[in-house]
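The file my_file-v6.csv comes next; it holds CSV, N, CA and C atoms and all ligand atoms.
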```
chain,number,residue,atom,x,y,z
A,1,MET,N,104.3,42.7,94.9
A,1,MET,CA,104.9,43.9,95.5
A,1,MET,C,106.4,43.6,95.7
A,2,ILE,N,107.2,44.6,95.4
A,2,ILE,CA,108.7,44.4,95.5
A,2,ILE,C,109.2,45.5,96.5
A,3,ARG,N,110.0,45.1,97.4
A,3,ARG,CA,110.6,46.1,98.3
A,3,ARG,C,112.0,46.5,97.7
A,4,TYR,N,112.2,47.8,97.5
A,4,TYR,CA,113.5,48.2,97.1
A,4,TYR,C,114.2,49.0,98.1
A,5,ALA,N,115.5,48.7,98.3
A,5,ALA,CA,116.4,49.5,99.1
A,5,ALA,C,116.8,50.7,98.2
A,6,LEU,N,116.5,51.9,98.6
A,6,LEU,CA,116.8,53.0,97.7
A,6,LEU,C,117.8,54.0,98.4
A,7,ARG,N,118.4,54.8,97.6
A,7,ARG,CA,119.4,55.8,98.1
A,7,ARG,C,119.2,57.0,97.3
A,8,CYS,N,119.2,58.2,97.9
A,8,CYS,CA,119.1,59.4,97.2
A,8,CYS,C,120.5,60.0,97.0
A,9,ASP,N,120.5,61.1,96.3
A,9,ASP,CA,121.8,61.7,96.0
A,9,ASP,C,122.5,62.3,97.2
A,10,GLN,N,121.8,62.4,98.3
A,10,GLN,CA,122.4,62.9,99.6
A,10,GLN,C,122.8,61.7,100.4
A,11,ALA,N,122.8,60.5,99.8
A,11,ALA,CA,123.2,59.3,100.5
A,11,ALA,C,122.3,58.8,101.6
A,12,HIS,N,121.1,59.2,101.6
A,12,HIS,CA,120.1,58.7,102.6
A,12,HIS,C,119.6,57.3,102.1
A,13,ASP,N,119.6,56.3,102.9
A,13,ASP,CA,119.0,55.0,102.5
A,13,ASP,C,117.6,54.9,103.1
A,14,PHE,N,116.7,54.4,102.3
A,14,PHE,CA,115.4,54.1,102.7
A,14,PHE,C,114.8,53.0,101.9
A,15,ASP,N,113.7,52.5,102.3
A,15,ASP,CA,113.0,51.4,101.7
A,15,ASP,C,111.6,51.8,101.2
A,16,MET,N,111.2,51.3,100.0
A,16,MET,CA,109.8,51.6,99.6
A,16,MET,C,109.3,50.3,98.8
A,17,TRP,N,108.0,50.2,98.9
A,17,TRP,CA,107.4,49.1,98.2
A,17,TRP,C,106.8,49.6,96.8
A,18,PHE,N,107.0,48.7,95.8
A,18,PHE,CA,106.4,49.1,94.5
A,18,PHE,C,105.7,47.8,94.0
A,19,ALA,N,104.7,48.1,93.1
A,19,ALA,CA,103.9,47.0,92.5
A,19,ALA,C,104.9,46.0,91.8
A,20,ASP,N,105.8,46.5,91.0
A,20,ASP,CA,106.8,45.7,90.3
A,20,ASP,C,107.9,46.6,89.9
A,21,SER,N,108.9,46.0,89.2
A,21,SER,CA,110.1,46.8,88.9
A,21,SER,C,109.8,47.9,87.8
A,22,ASP,N,108.9,47.5,86.9
A,22,ASP,CA,108.5,48.5,85.9
A,22,ASP,C,107.9,49.8,86.5
A,23,THR,N,107.1,49.5,87.6
A,23,THR,CA,106.4,50.6,88.3
A,23,THR,C,107.5,51.5,88.9
A,24,PHE,N,108.5,50.9,89.5
A,24,PHE,CA,109.5,51.7,90.1
A,24,PHE,C,110.3,52.5,89.1
A,25,ASP,N,110.6,51.8,88.0
A,25,ASP,CA,111.4,52.5,86.9
A,25,ASP,C,110.6,53.7,86.4
A,26,ALA,N,109.3,53.5,86.2
A,26,ALA,CA,108.5,54.6,85.6
A,26,ALA,C,108.4,55.8,86.6
A,27,LEU,N,108.1,55.4,87.9
A,27,LEU,CA,108.0,56.5,88.9
A,27,LEU,C,109.3,57.2,89.1
A,28,ALA,N,110.4,56.5,89.2
A,28,ALA,CA,111.7,57.1,89.4
A,28,ALA,C,112.0,58.0,88.2
A,29,ARG,N,111.8,57.5,87.0
A,29,ARG,CA,112.1,58.3,85.8
A,29,ARG,C,111.3,59.6,85.8
A,30,ALA,N,110.1,59.6,86.3
A,30,ALA,CA,109.2,60.7,86.3
A,30,ALA,C,109.4,61.6,87.5
A,31,SER,N,110.4,61.3,88.3
A,31,SER,CA,110.7,62.0,89.6
A,31,SER,C,109.5,61.9,90.6
A,32,HIS,N,108.9,60.8,90.6
A,32,HIS,CA,107.8,60.6,91.6
A,32,HIS,C,108.2,59.8,92.8
A,33,VAL,N,109.5,59.4,92.8
A,33,VAL,CA,110.0,58.8,94.0
A,33,VAL,C,110.9,59.8,94.7
A,34,SER,N,110.6,60.1,95.9
A,34,SER,CA,111.4,61.1,96.6
A,34,SER,C,111.9,60.6,98.0
A,35,CYS,N,113.0,61.1,98.4
A,35,CYS,CA,113.6,60.7,99.6
A,35,CYS,C,112.8,61.2,100.8
A,36,PRO,N,112.4,60.4,101.8
A,36,PRO,CA,111.6,60.9,102.9
A,36,PRO,C,112.5,61.8,103.8
A,37,GLU,N,113.8,61.7,103.7
A,37,GLU,CA,114.7,62.5,104.5
A,37,GLU,C,114.8,63.9,104.0
A,38,CYS,N,115.1,64.1,102.7
A,38,CYS,CA,115.4,65.4,102.2
A,38,CYS,C,114.5,65.7,101.0
A,39,GLY,N,113.7,64.8,100.5
A,39,GLY,CA,112.8,65.1,99.4
A,39,GLY,C,113.4,65.1,98.0
A,40,SER,N,114.7,64.7,98.0
A,40,SER,CA,115.4,64.6,96.7
A,40,SER,C,114.7,63.5,95.8
A,41,THR,N,114.6,63.8,94.5
A,41,THR,CA,114.0,62.8,93.6
A,41,THR,C,115.1,62.1,92.8
A,42,ALA,N,116.4,62.5,93.1
A,42,ALA,CA,117.5,61.8,92.5
A,42,ALA,C,117.7,60.5,93.3
A,43,VAL,N,116.8,59.5,93.0
A,43,VAL,CA,116.8,58.3,93.8
A,43,VAL,C,117.2,57.1,93.0
A,44,THR,N,118.1,56.3,93.5
A,44,THR,CA,118.5,55.1,92.7
A,44,THR,C,118.4,53.9,93.6
A,45,LYS,N,118.3,52.7,93.0
A,45,LYS,CA,118.2,51.5,93.8
A,45,LYS,C,119.6,51.3,94.5
A,46,ALA,N,119.6,51.1,95.8
A,46,ALA,CA,120.9,51.0,96.5
A,46,ALA,C,121.5,49.7,96.3
A,47,LEU,N,120.7,48.7,96.1
A,47,LEU,CA,121.2,47.3,95.9
A,47,LEU,C,120.7,46.6,94.7
A,48,MET,N,121.4,45.8,94.1
A,48,MET,CA,120.9,45.0,93.0
A,48,MET,C,120.0,43.9,93.7
A,49,ALA,N,119.0,43.5,93.0
A,49,ALA,CA,118.2,42.4,93.5
A,49,ALA,C,119.0,41.2,93.5
A,50,PRO,N,118.9,40.4,94.6
A,50,PRO,CA,119.7,39.2,94.6
A,50,PRO,C,119.1,38.1,93.6
A,51,GLY,N,120.0,37.3,93.1
A,51,GLY,CA,119.5,36.2,92.3
A,51,GLY,C,119.1,36.5,90.9
A,52,VAL,N,119.6,37.7,90.4
A,52,VAL,CA,119.3,38.0,89.0
A,52,VAL,C,120.3,37.2,88.2
A,53,THR,N,119.7,36.4,87.3
A,53,THR,CA,120.6,35.5,86.5
A,53,THR,C,120.7,36.1,85.1
A,54,LYS,N,121.6,35.6,84.3
A,54,LYS,CA,121.8,36.0,83.0
A,54,LYS,C,120.6,35.9,82.1
A,55,SER,N,119.8,34.9,82.3
A,55,SER,CA,118.7,34.6,81.5
A,55,SER,C,117.6,35.7,81.6
A,56,GLN,N,117.7,36.5,82.7
A,56,GLN,CA,116.7,37.6,82.9
A,56,GLN,C,117.3,38.9,82.3
A,57,LYS,N,118.6,38.8,81.9
A,57,LYS,CA,119.2,40.1,81.5
A,57,LYS,C,118.6,40.7,80.2
A,58,SER,N,118.1,39.8,79.3
A,58,SER,CA,117.6,40.3,78.1
A,58,SER,C,116.4,41.2,78.3
A,59,GLN,N,115.6,40.9,79.4
A,59,GLN,CA,114.5,41.8,79.7
A,59,GLN,C,114.9,43.2,80.0
A,60,ALA,N,116.0,43.3,80.7
A,60,ALA,CA,116.5,44.6,81.2
A,60,ALA,C,117.1,45.4,80.0
A,61,MET,N,117.3,44.8,78.9
A,61,MET,CA,117.9,45.5,77.7
A,61,MET,C,116.8,46.0,76.8
A,62,THR,N,115.6,45.8,77.1
A,62,THR,CA,114.6,46.3,76.2
A,62,THR,C,114.7,47.9,76.1
A,63,ASN,N,114.1,48.4,75.1
A,63,ASN,CA,114.2,49.9,74.9
A,63,ASN,C,113.6,50.7,76.1
A,64,THR,N,114.2,51.8,76.3
A,64,THR,CA,113.6,52.7,77.3
A,64,THR,C,112.2,53.1,76.9
A,65,PRO,N,111.2,53.0,77.8
A,65,PRO,CA,109.9,53.4,77.4
A,65,PRO,C,109.8,54.9,77.0
A,66,ALA,N,109.0,55.2,76.0
A,66,ALA,CA,108.8,56.6,75.7
A,66,ALA,C,108.1,57.4,76.8
A,67,PRO,N,108.2,58.7,76.8
A,67,PRO,CA,107.6,59.5,77.9
A,67,PRO,C,106.1,59.2,78.0
A,68,ARG,N,105.4,59.0,76.8
A,68,ARG,CA,104.0,58.7,76.8
A,68,ARG,C,103.7,57.4,77.5
A,69,GLU,N,104.6,56.4,77.3
A,69,GLU,CA,104.4,55.1,77.9
A,69,GLU,C,104.6,55.2,79.4
A,70,ILE,N,105.6,56.0,79.8
A,70,ILE,CA,105.8,56.3,81.3
A,70,ILE,C,104.6,56.9,81.9
A,71,ALA,N,104.0,57.9,81.2
A,71,ALA,CA,102.8,58.6,81.7
A,71,ALA,C,101.7,57.6,81.8
A,72,LYS,N,101.6,56.8,80.9
A,72,LYS,CA,100.5,55.8,80.9
A,72,LYS,C,100.7,54.8,82.1
A,73,MET,N,101.9,54.4,82.3
A,73,MET,CA,102.2,53.5,83.4
A,73,MET,C,101.8,54.1,84.7
A,74,ILE,N,102.2,55.4,84.8
A,74,ILE,CA,101.9,56.1,86.1
A,74,ILE,C,100.4,56.3,86.3
A,75,THR,N,99.7,56.6,85.2
A,75,THR,CA,98.3,56.7,85.3
A,75,THR,C,97.6,55.4,85.7
A,76,GLU,N,98.1,54.3,85.1
A,76,GLU,CA,97.6,53.0,85.4
A,76,GLU,C,97.8,52.7,86.9
A,77,TYR,N,99.1,53.0,87.3
A,77,TYR,CA,99.4,52.7,88.7
A,77,TYR,C,98.5,53.5,89.6
A,78,ARG,N,98.3,54.8,89.3
A,78,ARG,CA,97.5,55.7,90.1
A,78,ARG,C,96.1,55.2,90.2
A,79,THR,N,95.5,54.8,89.0
A,79,THR,CA,94.2,54.3,88.9
A,79,THR,C,94.0,53.0,89.8
A,80,LYS,N,95.0,52.1,89.8
A,80,LYS,CA,95.0,50.9,90.5
A,80,LYS,C,95.0,51.3,92.0
A,81,VAL,N,95.9,52.2,92.4
A,81,VAL,CA,96.0,52.6,93.8
A,81,VAL,C,94.6,53.2,94.3
A,82,MET,N,94.1,54.0,93.4
A,82,MET,CA,92.8,54.6,93.8
A,82,MET,C,91.7,53.6,93.9
A,83,ALA,N,91.7,52.6,93.0
A,83,ALA,CA,90.7,51.6,93.0
A,83,ALA,C,90.8,50.6,94.2
A,84,GLU,N,92.0,50.4,94.6
A,84,GLU,CA,92.2,49.3,95.6
A,84,GLU,C,92.4,49.9,97.0
A,85,THR,N,92.3,51.2,97.2
A,85,THR,CA,92.5,51.7,98.5
A,85,THR,C,91.3,52.6,98.9
A,86,THR,N,91.2,52.8,100.2
A,86,THR,CA,90.1,53.6,100.8
A,86,THR,C,90.8,54.9,101.2
A,87,ASP,N,90.1,56.0,100.8
A,87,ASP,CA,90.7,57.3,101.2
A,87,ASP,C,90.3,57.6,102.7
A,88,VAL,N,91.3,57.7,103.5
A,88,VAL,CA,91.0,58.1,104.9
A,88,VAL,C,91.4,59.5,105.3
A,89,GLY,N,91.8,60.2,104.2
A,89,GLY,CA,92.2,61.6,104.4
A,89,GLY,C,93.3,61.8,105.5
A,90,ARG,N,93.0,62.8,106.3
A,90,ARG,CA,94.0,63.2,107.3
A,90,ARG,C,94.2,62.2,108.4
A,91,LYS,N,93.3,61.1,108.5
A,91,LYS,CA,93.5,60.1,109.5
A,91,LYS,C,94.6,59.1,109.0
A,92,PHE,N,95.2,59.3,107.9
A,92,PHE,CA,96.1,58.3,107.3
A,92,PHE,C,97.2,57.9,108.2
A,93,PRO,N,98.0,59.0,108.7
A,93,PRO,CA,99.2,58.6,109.6
A,93,PRO,C,98.7,57.8,110.8
A,94,GLU,N,97.6,58.2,111.4
A,94,GLU,CA,97.1,57.5,112.6
A,94,GLU,C,96.7,56.1,112.3
A,95,GLN,N,96.0,55.9,111.2
A,95,GLN,CA,95.4,54.6,110.8
A,95,GLN,C,96.6,53.6,110.4
A,96,VAL,N,97.5,54.2,109.7
A,96,VAL,CA,98.7,53.3,109.2
A,96,VAL,C,99.4,52.8,110.5
A,97,ARG,N,99.6,53.7,111.4
A,97,ARG,CA,100.3,53.4,112.7
A,97,ARG,C,99.5,52.3,113.5
A,98,ASP,N,98.2,52.5,113.5
A,98,ASP,CA,97.3,51.5,114.2
A,98,ASP,C,97.4,50.1,113.6
A,99,MET,N,97.4,50.1,112.2
A,99,MET,CA,97.6,48.8,111.5
A,99,MET,C,98.9,48.2,111.8
A,100,HIS,N,99.9,49.0,111.8
A,100,HIS,CA,101.3,48.5,112.1
A,100,HIS,C,101.4,47.9,113.5
A,101,GLU,N,100.7,48.5,114.4
A,101,GLU,CA,100.7,48.0,115.8
A,101,GLU,C,99.7,47.0,116.1
A,102,GLY,N,98.9,46.6,115.0
A,102,GLY,CA,97.9,45.5,115.1
A,102,GLY,C,96.7,45.9,115.9
A,103,LEU,N,96.4,47.2,116.1
A,103,LEU,CA,95.3,47.7,116.8
A,103,LEU,C,94.0,47.6,115.9
A,104,ILE,N,94.2,47.7,114.6
A,104,ILE,CA,93.1,47.6,113.7
A,104,ILE,C,93.5,46.7,112.5
A,105,ASP,N,92.5,46.1,111.8
A,105,ASP,CA,92.8,45.2,110.7
A,105,ASP,C,93.6,45.9,109.6
A,106,HIS,N,94.4,45.2,108.9
A,106,HIS,CA,95.2,45.7,107.7
A,106,HIS,C,94.2,45.8,106.6
A,107,THR,N,94.1,47.0,106.0
A,107,THR,CA,93.3,47.2,104.8
A,107,THR,C,94.1,48.3,104.0
A,108,PRO,N,94.0,48.2,102.7
A,108,PRO,CA,94.7,49.2,101.9
A,108,PRO,C,94.0,50.5,102.0
A,109,ILE,N,94.8,51.5,102.4
A,109,ILE,CA,94.3,52.9,102.6
A,109,ILE,C,95.2,53.9,101.9
A,110,ARG,N,94.6,55.0,101.6
A,110,ARG,CA,95.4,56.2,101.2
A,110,ARG,C,94.9,57.4,101.9
A,111,GLY,N,95.7,58.4,101.9
A,111,GLY,CA,95.3,59.6,102.6
A,111,GLY,C,96.5,60.6,102.6
A,112,GLN,N,96.3,61.6,103.4
A,112,GLN,CA,97.3,62.7,103.5
A,112,GLN,C,98.2,62.5,104.7
A,113,ALA,N,99.4,62.8,104.5
A,113,ALA,CA,100.4,62.9,105.6
A,113,ALA,C,101.3,64.1,105.3
A,114,THR,N,101.7,64.8,106.4
A,114,THR,CA,102.6,65.9,106.2
A,114,THR,C,104.0,65.2,106.0
A,115,PRO,N,105.0,66.0,105.4
A,115,PRO,CA,106.3,65.4,105.3
A,115,PRO,C,106.9,64.9,106.6
A,116,ASP,N,106.6,65.6,107.7
A,116,ASP,CA,107.1,65.1,109.0
A,116,ASP,C,106.4,63.8,109.4
A,117,GLU,N,105.1,63.7,109.2
A,117,GLU,CA,104.4,62.5,109.5
A,117,GLU,C,104.9,61.3,108.7
A,118,ALA,N,105.1,61.6,107.4
A,118,ALA,CA,105.6,60.5,106.5
A,118,ALA,C,106.9,60.1,107.0
A,119,LYS,N,107.8,61.0,107.3
A,119,LYS,CA,109.1,60.7,107.8
A,119,LYS,C,109.1,59.9,109.0
A,120,SER,N,108.2,60.3,110.0
A,120,SER,CA,108.1,59.6,111.2
A,120,SER,C,107.7,58.1,111.0
A,121,LEU,N,106.7,57.9,110.1
A,121,LEU,CA,106.2,56.6,109.8
A,121,LEU,C,107.4,55.7,109.2
A,122,VAL,N,108.1,56.3,108.3
A,122,VAL,CA,109.2,55.6,107.6
A,122,VAL,C,110.3,55.2,108.7
A,123,GLU,N,110.5,56.2,109.6
A,123,GLU,CA,111.5,55.9,110.6
A,123,GLU,C,111.1,54.8,111.5
A,124,ASP,N,109.8,54.6,111.7
A,124,ASP,CA,109.3,53.5,112.5
A,124,ASP,C,109.2,52.2,111.7
A,125,GLY,N,109.7,52.2,110.5
A,125,GLY,CA,109.7,51.0,109.7
A,125,GLY,C,108.4,50.7,109.1
A,126,ILE,N,107.5,51.7,109.0
A,126,ILE,CA,106.2,51.5,108.4
A,126,ILE,C,106.3,51.9,106.9
A,127,GLY,N,106.0,51.0,106.1
A,127,GLY,CA,106.2,51.2,104.6
A,127,GLY,C,105.0,52.0,104.1
A,128,ILE,N,105.3,53.2,103.5
A,128,ILE,CA,104.3,54.0,102.8
A,128,ILE,C,104.9,54.4,101.5
A,129,LEU,N,104.1,54.7,100.5
A,129,LEU,CA,104.6,55.3,99.3
A,129,LEU,C,103.7,56.3,98.7
A,130,PRO,N,104.3,57.3,98.0
A,130,PRO,CA,103.5,58.4,97.5
A,130,PRO,C,102.6,57.9,96.4
A,131,VAL,N,101.4,58.4,96.3
A,131,VAL,CA,100.5,58.2,95.2
A,131,VAL,C,100.9,59.3,94.2
A,132,PRO,N,101.1,58.9,92.9
A,132,PRO,CA,101.5,59.9,91.9
A,132,PRO,C,100.4,60.9,91.7
A,133,PRO,N,100.8,62.2,91.5
A,133,PRO,CA,99.8,63.2,91.2
A,133,PRO,C,99.1,62.9,89.9
A,134,GLU,N,97.9,63.5,89.8
A,134,GLU,CA,97.1,63.3,88.6
A,134,GLU,C,97.9,63.9,87.4
A,135,PRO,N,98.1,63.1,86.4
A,135,PRO,CA,98.8,63.6,85.2
A,135,PRO,C,98.1,64.7,84.5
A,136,PRO,N,98.8,65.6,83.8
A,136,PRO,CA,98.1,66.6,83.0
A,136,PRO,C,97.3,65.9,81.9
A,137,LYS,N,96.1,66.4,81.6
A,137,LYS,CA,95.3,65.8,80.6
A,137,LYS,C,95.9,66.0,79.2
A,138,GLU,N,95.8,65.0,78.4
A,138,GLU,CA,96.2,65.2,77.0
A,138,GLU,C,95.1,65.9,76.2
A,139,ASN,N,95.5,66.4,75.1
A,139,ASN,CA,94.6,67.2,74.3
A,139,ASN,C,93.4,66.3,73.8
B,201,ZN,ZN,117.8,62.2,101.0
```
Represent the supplied structure as structure tokens.
Ligand SMILES: [Zn+2]
Amino acid sequence: MIRYALRCDQAHDFDMWFADSDTFDALARASHVSCPECGSTAVTKALMAPGVTKSQKSQAMTNTPAPREIAKMITEYRTKVMAETTDVGRKFPEQVRDMHEGLIDHTPIRGQATPDEAKSLVEDGIGILPVPPEPPKEN
């Protein structure tokens, strides 16, 4: 997991966790990363990752993935999230908060939160991230 410092086009700074940099790139490109403050999906990494050396540069210069590749990555990411988390539905904000405060054991969960609830969690320094919506079915 990688934590990124992100910034939207309204200059709101926030942090989110991603499985890896490819996941971030795919989600950001498909507008699945949104600012918890204003909902903008024009989100960029606020900071360069420290310690990036020239030897790693060649990796960053690979071709931009095709839309089909991005959709595939998002689907894989979504499948992984679905497989590794337990759906707690509307109890999500409460359970995440309880975990953060050490009241209950940390387990990977997913569920629903209103934008206000999500915002409040993020403001309290509790890392959450959106599960990508189910992609449209291919023919
Ligand atoms: Zn914003």
Which value, in Å to one decimal, gives the distance between CA of Leu6 in chain A and CA of Asp105 in chain A?
->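 CA of Asp105 in chain A lies at a distance of 28.4 Å from CA of Leu6 in chain A.
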Residues within 6.5 Å of ligand ZN 201 (chain B), counting all atoms listed in the file: report them as a ChimeraX atom specification.
-> /A:8-13,35-40
Would you output that residue set with N, CA and C atoms, as a PDB file, keeping the file's coordinate frame?
```
ATOM      1  N   CYS A   8     119.200  58.200  97.900  1.00  0.00           N
ATOM      2  CA  CYS A   8     119.100  59.400  97.200  1.00  0.00           C
ATOM      3  C   CYS A   8     120.500  60.000  97.000  1.00  0.00           C
ATOM      4  N   ASP A   9     120.500  61.100  96.300  1.00  0.00           N
ATOM      5  CA  ASP A   9     121.800  61.700  96.000  1.00  0.00           C
ATOM      6  C   ASP A   9     122.500  62.300  97.200  1.00  0.00           C
ATOM      7  N   GLN A  10     121.800  62.400  98.300  1.00  0.00           N
ATOM      8  CA  GLN A  10     122.400  62.900  99.600  1.00  0.00           C
ATOM      9  C   GLN A  10     122.800  61.700 100.400  1.00  0.00           C
ATOM     10  N   ALA A  11     122.800  60.500  99.800  1.00  0.00           N
ATOM     11  CA  ALA A  11     123.200  59.300 100.500  1.00  0.00           C
ATOM     12  C   ALA A  11     122.300  58.800 101.600  1.00  0.00           C
ATOM     13  N   HIS A  12     121.100  59.200 101.600  1.00  0.00           N
ATOM     14  CA  HIS A  12     120.100  58.700 102.600  1.00  0.00           C
ATOM     15  C   HIS A  12     119.600  57.300 102.100  1.00  0.00           C
ATOM     16  N   ASP A  13     119.600  56.300 102.900  1.00  0.00           N
ATOM     17  CA  ASP A  13     119.000  55.000 102.500  1.00  0.00           C
ATOM     18  C   ASP A  13     117.600  54.900 103.100  1.00  0.00           C
ATOM     19  N   CYS A  35     113.000  61.100  98.400  1.00  0.00           N
ATOM     20  CA  CYS A  35     113.600  60.700  99.600  1.00  0.00           C
ATOM     21  C   CYS A  35     112.800  61.200 100.800  1.00  0.00           C
ATOM     22  N   PRO A  36     112.400  60.400 101.800  1.00  0.00           N
ATOM     23  CA  PRO A  36     111.600  60.900 102.900  1.00  0.00           C
ATOM     24  C   PRO A  36     112.500  61.800 103.800  1.00  0.00           C
ATOM     25  N   GLU A  37     113.800  61.700 103.700  1.00  0.00           N
ATOM     26  CA  GLU A  37     114.700  62.500 104.500  1.00  0.00           C
ATOM     27  C   GLU A  37     114.800  63.900 104.000  1.00  0.00           C
ATOM     28  N   CYS A  38     115.100  64.100 102.700  1.00  0.00           N
ATOM     29  CA  CYS A  38     115.400  65.400 102.200  1.00  0.00           C
ATOM     30  C   CYS A  38     114.500  65.700 101.000  1.00  0.00           C
ATOM     31  N   GLY A  39     113.700  64.800 100.500  1.00  0.00           N
ATOM     32  CA  GLY A  39     112.800  65.100  99.400  1.00  0.00           C
ATOM     33  C   GLY A  39     113.400  65.100  98.000  1.00  0.00           C
ATOM     34  N   SER A  40     114.700  64.700  98.000  1.00  0.00           N
ATOM     35  CA  SER A  40     115.400  64.600  96.700  1.00  0.00           C
ATOM     36  C   SER A  40     114.700  63.500  95.800  1.00  0.00           C
TER      37      SER A  40
END
```
Go through chain A and collect every residue that DSSP, computed from the backbone, puts in helix (DSSP H, G or I); the answer should be as a ChimeraX atom specification.
-> /A:21-29,54-60,67-84,89-100,115-123
Could you write out, as a count of residues only, all the residues of chain A that DSSP marks as strand (DSSP E)?
-> 20
Determine, counting only C-alpha atoms, which protein, DNA and RNA residues have an atom within 12 Å of an atom of Ile109 in chain A; residues of the same chain fewer than 2 positions away are not included. Present the result as a VMD selection string.
-> chain A and resid 81 to 97 99 105 to 107 111 to 112 128 to 131
Just N, CA and C atoms for this one: save the residues we selected as an mmCIF file, in the frame of the given file.
```
data_model
loop_
_atom_site.group_PDB
_atom_site.id
_atom_site.type_symbol
_atom_site.label_atom_id
_atom_site.label_comp_id
_atom_site.auth_asym_id
_atom_site.auth_seq_id
_atom_site.Cartn_x
_atom_site.Cartn_y
_atom_site.Cartn_z
ATOM 1 N N VAL A 81 95.900 52.200 92.400
ATOM 2 C CA VAL A 81 96.000 52.600 93.800
ATOM 3 C C VAL A 81 94.600 53.200 94.300
ATOM 4 N N MET A 82 94.100 54.000 93.400
ATOM 5 C CA MET A 82 92.800 54.600 93.800
ATOM 6 C C MET A 82 91.700 53.600 93.900
ATOM 7 N N ALA A 83 91.700 52.600 93.000
ATOM 8 C CA ALA A 83 90.700 51.600 93.000
ATOM 9 C C ALA A 83 90.800 50.600 94.200
ATOM 10 N N GLU A 84 92.000 50.400 94.600
ATOM 11 C CA GLU A 84 92.200 49.300 95.600
ATOM 12 C C GLU A 84 92.400 49.900 97.000
ATOM 13 N N THR A 85 92.300 51.200 97.200
ATOM 14 C CA THR A 85 92.500 51.700 98.500
ATOM 15 C C THR A 85 91.300 52.600 98.900
ATOM 16 N N THR A 86 91.200 52.800 100.200
ATOM 17 C CA THR A 86 90.100 53.600 100.800
ATOM 18 C C THR A 86 90.800 54.900 101.200
ATOM 19 N N ASP A 87 90.100 56.000 100.800
ATOM 20 C CA ASP A 87 90.700 57.300 101.200
ATOM 21 C C ASP A 87 90.300 57.600 102.700
ATOM 22 N N VAL A 88 91.300 57.700 103.500
ATOM 23 C CA VAL A 88 91.000 58.100 104.900
ATOM 24 C C VAL A 88 91.400 59.500 105.300
ATOM 25 N N GLY A 89 91.800 60.200 104.200
ATOM 26 C CA GLY A 89 92.200 61.600 104.400
ATOM 27 C C GLY A 89 93.300 61.800 105.500
ATOM 28 N N ARG A 90 93.000 62.800 106.300
ATOM 29 C CA ARG A 90 94.000 63.200 107.300
ATOM 30 C C ARG A 90 94.200 62.200 108.400
ATOM 31 N N LYS A 91 93.300 61.100 108.500
ATOM 32 C CA LYS A 91 93.500 60.100 109.500
ATOM 33 C C LYS A 91 94.600 59.100 109.000
ATOM 34 N N PHE A 92 95.200 59.300 107.900
ATOM 35 C CA PHE A 92 96.100 58.300 107.300
ATOM 36 C C PHE A 92 97.200 57.900 108.200
ATOM 37 N N PRO A 93 98.000 59.000 108.700
ATOM 38 C CA PRO A 93 99.200 58.600 109.600
ATOM 39 C C PRO A 93 98.700 57.800 110.800
ATOM 40 N N GLU A 94 97.600 58.200 111.400
ATOM 41 C CA GLU A 94 97.100 57.500 112.600
ATOM 42 C C GLU A 94 96.700 56.100 112.300
ATOM 43 N N GLN A 95 96.000 55.900 111.200
ATOM 44 C CA GLN A 95 95.400 54.600 110.800
ATOM 45 C C GLN A 95 96.600 53.600 110.400
ATOM 46 N N VAL A 96 97.500 54.200 109.700
ATOM 47 C CA VAL A 96 98.700 53.300 109.200
ATOM 48 C C VAL A 96 99.400 52.800 110.500
ATOM 49 N N ARG A 97 99.600 53.700 111.400
ATOM 50 C CA ARG A 97 100.300 53.400 112.700
ATOM 51 C C ARG A 97 99.500 52.300 113.500
ATOM 52 N N MET A 99 97.400 50.100 112.200
ATOM 53 C CA MET A 99 97.600 48.800 111.500
ATOM 54 C C MET A 99 98.900 48.200 111.800
ATOM 55 N N ASP A 105 92.500 46.100 111.800
ATOM 56 C CA ASP A 105 92.800 45.200 110.700
ATOM 57 C C ASP A 105 93.600 45.900 109.600
ATOM 58 N N HIS A 106 94.400 45.200 108.900
ATOM 59 C CA HIS A 106 95.200 45.700 107.700
ATOM 60 C C HIS A 106 94.200 45.800 106.600
ATOM 61 N N THR A 107 94.100 47.000 106.000
ATOM 62 C CA THR A 107 93.300 47.200 104.800
ATOM 63 C C THR A 107 94.100 48.300 104.000
ATOM 64 N N GLY A 111 95.700 58.400 101.900
ATOM 65 C CA GLY A 111 95.300 59.600 102.600
ATOM 66 C C GLY A 111 96.500 60.600 102.600
ATOM 67 N N GLN A 112 96.300 61.600 103.400
ATOM 68 C CA GLN A 112 97.300 62.700 103.500
ATOM 69 C C GLN A 112 98.200 62.500 104.700
ATOM 70 N N ILE A 128 105.300 53.200 103.500
ATOM 71 C CA ILE A 128 104.300 54.000 102.800
ATOM 72 C C ILE A 128 104.900 54.400 101.500
ATOM 73 N N LEU A 129 104.100 54.700 100.500
ATOM 74 C CA LEU A 129 104.600 55.300 99.300
ATOM 75 C C LEU A 129 103.700 56.300 98.700
ATOM 76 N N PRO A 130 104.300 57.300 98.000
ATOM 77 C CA PRO A 130 103.500 58.400 97.500
ATOM 78 C C PRO A 130 102.600 57.900 96.400
ATOM 79 N N VAL A 131 101.400 58.400 96.300
ATOM 80 C CA VAL A 131 100.500 58.200 95.200
ATOM 81 C C VAL A 131 100.900 59.300 94.200
#
```
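Distances from A:Leu103, A:Val122, A:Ala113, A:Ala71 to Glu134 in chain A were compared using only C-alpha atoms, and the smallest one belongs to A:Ala71.
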What does the distance between CA of Trp17 in chain A and atom N of Arg3 in chain A come to in Å, to one decimal place?
->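 Distance between the two atoms: 4.8 Å.
Distances here use only N, CA and C atoms; by that measure, the residue among A:Lys45, A:Asp15, A:Ala30, A:Asp98 closest to Gly127 in chain A is A:Asp15.
With only C-alpha atoms as the basis for measurement, A:Ser34 is the residue among A:Ser34, A:Thr41, A:Thr64, A:Thr79 that approaches Lys119 in chain A most closely.
Those residues that approach Pro132 in chain A to within 7 Å, counting all atoms listed in the file, are His32, Ile74, Tyr77, Arg78, Leu129 and Pro135 of chain A; same-chain residues fewer than 3 positions away are not listed.
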Could you check which of A:Ile2, A:Leu27, A:Ala46, A:Val33 is closest to Met73 in chain A, using only C-alpha atoms?
-> A:Leu27
